[in-house]
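Enquirer: Have a look at this one.
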Amino acid sequence: MVMSSPLDEVATPTWSIRPEQPIDIDQIHAREILDSRGNPTIEVECFLSGGAWGRAAVPSGASTGKREALELRDGGKRYQGKGVTRAVEHVKGEIAGVLRGQDARDQMLIDRRLAELDGTETKSRLGANAILGTSLAVAKAAACAAGLPLYSYLGSPVSTVLPVPLLNVLNGGAHADNTVDVQEFMLVPLGFRSFGEALRAGVETYHTLKKVLRGRGLGTGVGDEGGFAPDLATNREALDLLVEAIEEAGYEPGREIALALDVAANELVFEKPKKGKNLKRPVSAPAGVGGRRGPVTYDLAGEGRTGLSAADLIATYRDWLDAYPLLSIEDGLAEDDRDGWKALTDELGDRVQLVGDDLFVTNPEILAEGIADGLANALLVKLNQIGTVTETLAAMELARSNGYATVVSHRSGETNDSTIADLAVATRAGQIKTGAPARSDRVSKYNRLLRIEEELEGAATYAGAAAFPRWKG
Ligand code: PGA
Ligand code: ZN
């Protein structure tokens, strides 16, 4: 074999690198491990006959979209119903049986086999957790056999763009027990020359924010994603605190560090109390054409505003856009409120990134409907919402070819598996959100990106402001 530089290797087709290495699947193993919230999750290992192998662990959400692929849990008493032994058995039994002997590089074929074997729309029979763990472990084993890092194996010779990190430094909503309605307040360090410099600025601002909070006598305990979770009177107060922290850390709000929100508005929809109970539950049928009758209403309970219409929330976002360097709003309205989403996109879509998370659930078919209806202008990418590598890549490709930005994302329940860092580089996603720069489940992804940036040496570029075409600074 001709000696080649690491960059030459990136450009070389995988099948010509180690032709002597057998790449058929020999064994697939799975086990139950714990995630960052102390809940069980599944970890899968795929061993190839030549000795290469890959391991992947599956994350888990708290504010989930209704059309996400199903995470199979055991029920019963064990781990309060959250065990995943059934998913583990499915991997070790049926799935391993079907995939044994398969060429591990046939990712698309393998993912299709997994979906067919499951046989349901939502991957509910075998469990999307069992299927995703397998899909990822196979990809990692194949990359290992090819002698390539995962971002090269899944990517192309131009997979050299490091994403802008969206650092969730203040937590609310379903991720914290405080009074803040908006789920995530994120720092977006876009005005830097490298990922490492951008991350450093974000980290310095995170530590400064802690000092600012302390100085005001506010709590500095953290939520599920490592961001601070103080009780605040309004959502604007959180935005003010972030701007203050950016300035105090010595950075320029907007030009160097901008802001992003995940409202997770599904969680703001309250049904009418039943039997005297104040039940918090998302609406149950699609709104708009052929869907739920009557408008969806929202509560910003933390600031005492209830019964808000989509128009009220859109007006609120407009006020925030006028007052703060805010360049991205995720799930600004509920997934069922399609009429509201259309209005939101028509009214604000030319000046701010509008990210569909629960709205699209990383599902190419659901995304296609949304694109046809003119909803949002960016896709949040969560592998476990759809359940295979192939379908995730398909959703990203569909987004990109329709001018939608892509934001690769963790879940609120995570492990130290850092696959999403490689995915973001492989696909030139431009953006990644993976929590605060604290707690190993979050920083494992940022640390992986630091390693990739180093590995790519001079070839690496930082996505920076170019990742936000609608942002006018
Ligand atoms: P989840 O939150 O992982 O709890 O769904 C993340 C998000 O809403 O983006
Ligand atoms: Zn979200």
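Lettering and numbering for the structure tokens are positional, with chains as A, B, ... in the shown order, residues counted from 1 in each chain, and ligands counted from 1 in the shown order.
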Let me have all residues with an atom within 10 Å of ligand 2, counting only C-alpha atoms and all ligand atoms, laid out as an NGL selection string.
Expert: :A and (61-65 or 183-184 or 261-266 or 329-332 or 355-359 or 361 or 380-382 or 409-412 or 433)
Enquirer: Find the spatial neighbours of stretch 116-126 of chain A, counting only C-alpha atoms, within a cut-off of 7 Å - ignore same-chain residues fewer than 6 positions away - and output them as a PyMOL selection string.
Expert: chain A and resi 69-70+72+87+90
Enquirer: Using only C-alpha atoms, pick whichever of A:Ala343, A:Ala146, A:Ala238, A:Ala460 has the shortest atom-to-atom distance to A:Glu303.
Expert: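 Comparing A:Ala343, A:Ala146, A:Ala238, A:Ala460 against A:Glu303, the winner is A:Ala238.
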Enquirer: Extract, using only C-alpha atoms, all DNA, RNA and protein residues at most 10 Å from A:Glu248, discarding same-chain residues fewer than 2 positions from it, and format them as a PyMOL selection string.
Expert: chain A and resi 204-205+208-209+211-212+242-246+250-252
Enquirer: Store the residues of this selection in a file with N, CA, C and O atoms, as a PDB file, in the first residue's frame.
Expert:
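Contents of part38.pdb, as written:
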```pdb
ATOM      1  N   GLU A 204     -15.557  31.056  29.196  1.00  0.00           N
ATOM      2  CA  GLU A 204     -15.281  32.217  30.054  1.00  0.00           C
ATOM      3  C   GLU A 204     -16.582  32.946  30.397  1.00  0.00           C
ATOM      4  O   GLU A 204     -16.773  33.404  31.530  1.00  0.00           O
ATOM      5  N   THR A 205     -17.469  33.030  29.419  1.00  0.00           N
ATOM      6  CA  THR A 205     -18.750  33.700  29.666  1.00  0.00           C
ATOM      7  C   THR A 205     -19.601  32.882  30.642  1.00  0.00           C
ATOM      8  O   THR A 205     -20.286  33.436  31.506  1.00  0.00           O
ATOM      9  N   THR A 208     -18.314  33.575  33.998  1.00  0.00           N
ATOM     10  CA  THR A 208     -18.678  34.945  34.377  1.00  0.00           C
ATOM     11  C   THR A 208     -20.153  35.014  34.769  1.00  0.00           C
ATOM     12  O   THR A 208     -20.533  35.712  35.715  1.00  0.00           O
ATOM     13  N   LEU A 209     -20.986  34.267  34.033  1.00  0.00           N
ATOM     14  CA  LEU A 209     -22.420  34.245  34.348  1.00  0.00           C
ATOM     15  C   LEU A 209     -22.636  33.751  35.781  1.00  0.00           C
ATOM     16  O   LEU A 209     -23.483  34.275  36.507  1.00  0.00           O
ATOM     17  N   LYS A 211     -20.676  34.189  38.265  1.00  0.00           N
ATOM     18  CA  LYS A 211     -20.355  35.306  39.167  1.00  0.00           C
ATOM     19  C   LYS A 211     -21.488  36.339  39.177  1.00  0.00           C
ATOM     20  O   LYS A 211     -21.858  36.875  40.226  1.00  0.00           O
ATOM     21  N   VAL A 212     -22.020  36.631  38.000  1.00  0.00           N
ATOM     22  CA  VAL A 212     -23.110  37.607  37.896  1.00  0.00           C
ATOM     23  C   VAL A 212     -24.314  37.120  38.712  1.00  0.00           C
ATOM     24  O   VAL A 212     -24.927  37.890  39.467  1.00  0.00           O
ATOM     25  N   LEU A 242     -27.479  37.127  30.396  1.00  0.00           N
ATOM     26  CA  LEU A 242     -26.520  36.588  29.419  1.00  0.00           C
ATOM     27  C   LEU A 242     -25.734  37.715  28.747  1.00  0.00           C
ATOM     28  O   LEU A 242     -24.516  37.607  28.571  1.00  0.00           O
ATOM     29  N   VAL A 243     -26.436  38.772  28.380  1.00  0.00           N
ATOM     30  CA  VAL A 243     -25.747  39.904  27.735  1.00  0.00           C
ATOM     31  C   VAL A 243     -24.735  40.504  28.713  1.00  0.00           C
ATOM     32  O   VAL A 243     -23.587  40.800  28.343  1.00  0.00           O
ATOM     33  N   GLU A 244     -25.160  40.649  29.970  1.00  0.00           N
ATOM     34  CA  GLU A 244     -24.251  41.199  30.983  1.00  0.00           C
ATOM     35  C   GLU A 244     -23.013  40.304  31.137  1.00  0.00           C
ATOM     36  O   GLU A 244     -21.879  40.801  31.204  1.00  0.00           O
ATOM     37  N   ALA A 245     -23.224  39.007  31.159  1.00  0.00           N
ATOM     38  CA  ALA A 245     -22.093  38.073  31.317  1.00  0.00           C
ATOM     39  C   ALA A 245     -21.147  38.152  30.121  1.00  0.00           C
ATOM     40  O   ALA A 245     -19.922  38.130  30.289  1.00  0.00           O
ATOM     41  N   ILE A 246     -21.695  38.272  28.925  1.00  0.00           N
ATOM     42  CA  ILE A 246     -20.845  38.373  27.721  1.00  0.00           C
ATOM     43  C   ILE A 246     -19.962  39.614  27.835  1.00  0.00           C
ATOM     44  O   ILE A 246     -18.742  39.558  27.622  1.00  0.00           O
ATOM     45  N   GLY A 250     -15.699  40.293  28.650  1.00  0.00           N
ATOM     46  CA  GLY A 250     -14.834  41.016  27.714  1.00  0.00           C
ATOM     47  C   GLY A 250     -15.146  40.765  26.244  1.00  0.00           C
ATOM     48  O   GLY A 250     -14.310  41.037  25.382  1.00  0.00           O
ATOM     49  N   TYR A 251     -16.336  40.297  25.950  1.00  0.00           N
ATOM     50  CA  TYR A 251     -16.705  40.030  24.554  1.00  0.00           C
ATOM     51  C   TYR A 251     -17.830  40.956  24.112  1.00  0.00           C
ATOM     52  O   TYR A 251     -18.550  41.524  24.928  1.00  0.00           O
ATOM     53  N   GLU A 252     -17.964  41.064  22.807  1.00  0.00           N
ATOM     54  CA  GLU A 252     -18.969  41.970  22.255  1.00  0.00           C
ATOM     55  C   GLU A 252     -20.238  41.184  21.912  1.00  0.00           C
ATOM     56  O   GLU A 252     -20.202  40.311  21.030  1.00  0.00           O
TER      57      GLU A 252
END
```
Enquirer: What's the 12 Å shell around A:Ile42, counting only C-alpha atoms, without same-chain residues fewer than 3 positions away, as a ChimeraX atom specification?
Expert: /A:29-35,39,45,55-60,71-73,82-92,127-134,136-137,384,414-415,417
Enquirer: Pick the closest to ligand 1 from A:Asp231, A:Glu256, A:Asp224, A:Asp319: which is it, counting only C-alpha atoms and all ligand atoms?
Expert: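 Counting only C-alpha atoms and all ligand atoms, the residue closest to ligand 1 is A:Asp224.
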Enquirer: Could you pull out the alpha helix (DSSP H) residues of stretch 13-217 of chain A from DSSP and send them as a PyMOL selection string?
Expert: chain A and resi 85-90+96-99+107-118+128-146+150-154+195-215
Enquirer: Residues near A:Gln353, anyone? I mean within 7 Å using only C-alpha atoms, not counting same-chain ones fewer than 2 positions away, as JSON, numbers by chain.
Expert: {"A": [327, 328, 329, 349, 355, 377, 378, 470]}
Enquirer: Pick from A:Leu456, A:Met186, A:Ala201, A:Leu348: nearest to ligand 1, with only C-alpha atoms and all ligand atoms counted?
Expert: A:Met186
Enquirer: Between A:Ala258, A:Ala429, A:Leu354, A:Ala141, which residue has the minimum interatomic distance to A:Leu239, considering only C-alpha atoms?
Expert: A:Ala258
Enquirer: Would you please work out which residue, of A:Ala139, A:Ile452, A:Leu259, A:Ala368, is nearest to A:Leu170 when using only C-alpha atoms?
Expert: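 Using only C-alpha atoms, the shortest distance to A:Leu170 belongs to A:Leu259.
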Enquirer: Could you pull out the strand (DSSP E) residues of stretch 67-216 of chain A, going by DSSP on the backbone, and write them as a tab-separated table (two decimals) with C-alpha atoms, in the first residue's frame?
Expert:
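The new file result-v4.tsv reads:
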```
chain	number	residue	atom	x	y	z
A	161	VAL	CA	-15.75	22.45	8.99
A	162	LEU	CA	-15.99	22.71	12.77
A	164	VAL	CA	-20.48	26.68	16.00
A	165	PRO	CA	-21.35	25.46	19.52
A	166	LEU	CA	-24.68	26.58	20.97
A	167	LEU	CA	-23.91	26.48	24.69
A	168	ASN	CA	-26.95	26.10	26.89
A	169	VAL	CA	-25.88	28.09	29.95
A	170	LEU	CA	-29.25	28.83	31.56
A	171	ASN	CA	-31.82	26.05	31.92
A	184	GLU	CA	-32.73	26.78	26.97
A	185	PHE	CA	-30.80	30.05	26.82
A	186	MET	CA	-27.72	29.54	24.69
A	187	LEU	CA	-24.49	31.42	23.99
A	188	VAL	CA	-23.45	31.36	20.32
A	189	PRO	CA	-19.76	32.27	20.00
```
Enquirer: Considering only C-alpha atoms, can you say which of A:Glu335, A:Glu247, A:Glu94, A:Glu237 comes closest to A:Gly202?
Expert: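 Nearest candidate to A:Gly202 out of A:Glu335, A:Glu247, A:Glu94, A:Glu237: A:Glu247.
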Enquirer: In Å to one decimal, how far is atom CA of A:Lys66 from atom CA of A:Thr316?
Expert: 25.6 Å
Enquirer: Please list as a CSV table (one decimal) with N, CA, C and O atoms, in the first residue's frame every residue within 12 Å of stretch 309-313 of chain A, counting only C-alpha atoms and excluding residues in the same chain fewer than 3 positions away.
Expert:
```csv
chain,number,residue,atom,x,y,z
A,182,VAL,N,-38.8,29.4,29.4
A,182,VAL,CA,-38.0,29.0,28.2
A,182,VAL,C,-37.0,27.9,28.6
A,182,VAL,O,-36.3,28.0,29.6
A,263,VAL,N,-37.3,27.4,23.1
A,263,VAL,CA,-38.5,27.6,23.9
A,263,VAL,C,-39.2,26.3,24.3
A,263,VAL,O,-39.8,26.2,25.3
A,265,ALA,N,-41.9,24.9,23.0
A,265,ALA,CA,-43.2,25.4,23.3
A,265,ALA,C,-44.3,24.3,23.5
A,265,ALA,O,-45.3,24.6,24.0
A,268,LEU,N,-45.4,24.5,26.9
A,268,LEU,CA,-46.1,25.6,27.3
A,268,LEU,C,-47.6,25.5,27.1
A,268,LEU,O,-48.3,26.4,27.4
A,269,VAL,N,-48.0,24.5,26.4
A,269,VAL,CA,-49.4,24.3,26.1
A,269,VAL,C,-50.1,23.6,27.3
A,269,VAL,O,-49.7,22.5,27.6
A,270,PHE,N,-51.1,24.3,27.8
A,270,PHE,CA,-51.8,23.7,28.9
A,270,PHE,C,-53.2,23.3,28.5
A,270,PHE,O,-53.9,24.1,27.9
A,287,ALA,N,-52.9,20.7,14.7
A,287,ALA,CA,-53.8,21.9,14.4
A,287,ALA,C,-53.7,22.2,12.9
A,287,ALA,O,-53.0,21.6,12.2
A,294,GLY,N,-59.8,24.8,16.8
A,294,GLY,CA,-59.5,25.9,17.8
A,294,GLY,C,-58.1,26.1,17.9
A,294,GLY,O,-57.2,25.3,17.8
A,295,PRO,N,-57.7,27.4,18.3
A,295,PRO,CA,-56.3,27.8,18.4
A,295,PRO,C,-55.6,27.2,19.6
A,295,PRO,O,-56.3,26.9,20.6
A,296,VAL,N,-54.4,26.9,19.5
A,296,VAL,CA,-53.6,26.5,20.6
A,296,VAL,C,-53.3,27.7,21.5
A,296,VAL,O,-53.0,28.8,21.0
A,297,THR,N,-53.3,27.5,22.8
A,297,THR,CA,-52.9,28.6,23.7
A,297,THR,C,-51.8,28.2,24.6
A,297,THR,O,-51.6,27.0,24.8
A,298,TYR,N,-51.0,29.2,25.0
A,298,TYR,CA,-49.8,29.0,25.7
A,298,TYR,C,-49.7,29.7,27.0
A,298,TYR,O,-50.3,30.8,27.1
A,299,ASP,N,-49.0,29.2,27.9
A,299,ASP,CA,-48.8,29.9,29.2
A,299,ASP,C,-47.3,30.1,29.4
A,299,ASP,O,-46.5,29.2,29.4
A,300,LEU,N,-47.0,31.4,29.7
A,300,LEU,CA,-45.6,31.7,30.2
A,300,LEU,C,-45.9,31.8,31.7
A,300,LEU,O,-45.9,32.9,32.2
A,305,ARG,N,-48.0,35.1,32.6
A,305,ARG,CA,-48.8,35.4,31.4
A,305,ARG,C,-49.5,34.1,30.9
A,305,ARG,O,-48.8,33.2,30.6
A,306,THR,N,-50.8,34.0,30.9
A,306,THR,CA,-51.4,32.8,30.6
A,306,THR,C,-52.4,33.0,29.4
A,306,THR,O,-52.8,34.2,29.1
A,316,THR,N,-44.1,38.6,21.2
A,316,THR,CA,-43.1,38.6,22.2
A,316,THR,C,-41.7,38.3,21.6
A,316,THR,O,-40.7,39.0,22.0
A,317,TYR,N,-41.6,37.4,20.7
A,317,TYR,CA,-40.3,37.1,20.1
A,317,TYR,C,-39.8,38.3,19.3
A,317,TYR,O,-38.6,38.6,19.3
A,318,ARG,N,-40.7,39.0,18.6
A,318,ARG,CA,-40.3,40.2,17.9
A,318,ARG,C,-39.7,41.2,18.8
A,318,ARG,O,-38.6,41.8,18.5
A,319,ASP,N,-40.3,41.4,20.0
A,319,ASP,CA,-39.7,42.3,21.0
A,319,ASP,C,-38.3,41.9,21.4
A,319,ASP,O,-37.4,42.7,21.5
A,320,TRP,N,-38.2,40.6,21.6
A,320,TRP,CA,-36.9,40.1,22.1
A,320,TRP,C,-35.8,40.3,20.9
A,320,TRP,O,-34.7,40.6,21.2
A,329,ILE,N,-34.3,30.8,17.3
A,329,ILE,CA,-35.3,30.4,18.2
A,329,ILE,C,-35.8,29.0,17.8
A,329,ILE,O,-36.3,28.8,16.7
A,331,ASP,N,-38.3,25.6,18.3
A,331,ASP,CA,-39.6,25.3,18.8
A,331,ASP,C,-40.3,26.5,19.5
A,331,ASP,O,-40.8,26.4,20.6
A,332,GLY,N,-40.4,27.6,18.8
A,332,GLY,CA,-41.1,28.8,19.3
A,332,GLY,C,-42.5,28.6,19.5
A,332,GLY,O,-43.2,29.3,20.2
A,333,LEU,N,-43.1,27.6,18.8
A,333,LEU,CA,-44.5,27.2,19.0
A,333,LEU,C,-44.6,25.7,19.0
A,333,LEU,O,-43.7,25.0,18.7
A,334,ALA,N,-45.8,25.2,19.4
A,334,ALA,CA,-46.0,23.8,19.6
A,334,ALA,C,-46.0,23.0,18.3
A,334,ALA,O,-46.4,23.6,17.3
A,335,GLU,N,-45.7,21.8,18.3
A,335,GLU,CA,-45.6,21.0,17.1
A,335,GLU,C,-47.0,20.9,16.4
A,335,GLU,O,-47.1,20.7,15.2
A,336,ASP,N,-48.1,20.9,17.2
A,336,ASP,CA,-49.4,20.8,16.6
A,336,ASP,C,-49.9,22.1,16.0
A,336,ASP,O,-50.9,22.1,15.3
A,337,ASP,N,-49.3,23.2,16.4
A,337,ASP,CA,-49.8,24.5,16.0
A,337,ASP,C,-49.2,24.9,14.6
A,337,ASP,O,-48.4,25.9,14.5
A,338,ARG,N,-49.6,24.3,13.6
A,338,ARG,CA,-49.0,24.5,12.3
A,338,ARG,C,-49.4,25.8,11.7
A,338,ARG,O,-48.6,26.5,11.0
A,339,ASP,N,-50.6,26.3,12.0
A,339,ASP,CA,-51.0,27.6,11.5
A,339,ASP,C,-50.1,28.7,12.2
A,339,ASP,O,-49.6,29.6,11.6
A,340,GLY,N,-49.9,28.5,13.5
A,340,GLY,CA,-49.0,29.4,14.2
A,340,GLY,C,-47.6,29.4,13.6
A,340,GLY,O,-46.9,30.4,13.4
A,341,TRP,N,-47.1,28.2,13.3
A,341,TRP,CA,-45.7,28.0,12.8
A,341,TRP,C,-45.6,28.8,11.4
A,341,TRP,O,-44.6,29.4,11.1
A,342,LYS,N,-46.7,28.7,10.7
A,342,LYS,CA,-46.6,29.3,9.4
A,342,LYS,C,-46.5,30.8,9.6
A,342,LYS,O,-45.7,31.5,8.9
A,343,ALA,N,-47.3,31.4,10.5
A,343,ALA,CA,-47.3,32.8,10.8
A,343,ALA,C,-45.9,33.2,11.3
A,343,ALA,O,-45.4,34.2,10.9
A,344,LEU,N,-45.4,32.4,12.2
A,344,LEU,CA,-44.1,32.7,12.8
A,344,LEU,C,-43.1,32.8,11.7
A,344,LEU,O,-42.2,33.7,11.7
A,345,THR,N,-43.1,31.8,10.8
A,345,THR,CA,-42.1,31.7,9.7
A,345,THR,C,-42.2,32.9,8.8
A,345,THR,O,-41.3,33.6,8.4
A,346,ASP,N,-43.5,33.2,8.4
A,346,ASP,CA,-43.7,34.3,7.5
A,346,ASP,C,-43.3,35.6,8.1
A,346,ASP,O,-42.7,36.5,7.4
A,347,GLU,N,-43.5,35.8,9.4
A,347,GLU,CA,-43.3,37.1,10.0
A,347,GLU,C,-41.8,37.3,10.5
A,347,GLU,O,-41.3,38.4,10.4
A,348,LEU,N,-41.2,36.2,10.9
A,348,LEU,CA,-39.8,36.4,11.5
A,348,LEU,C,-38.8,35.6,10.8
A,348,LEU,O,-37.6,35.8,11.0
```
Enquirer: When you draw a straight line from atom CA of A:Gly254 to atom CA of A:Ala465, how long is it in Å?
Expert: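 Atom CA of A:Ala465 lies 10.3 Å from atom CA of A:Gly254.
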Enquirer: Expressed in Å to a single decimal, how great is the separation between atom CA of A:Ala405 and atom CA of A:Ala463?
Expert: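 Atom CA of A:Ala463 lies at a distance of 12.1 Å from atom CA of A:Ala405.
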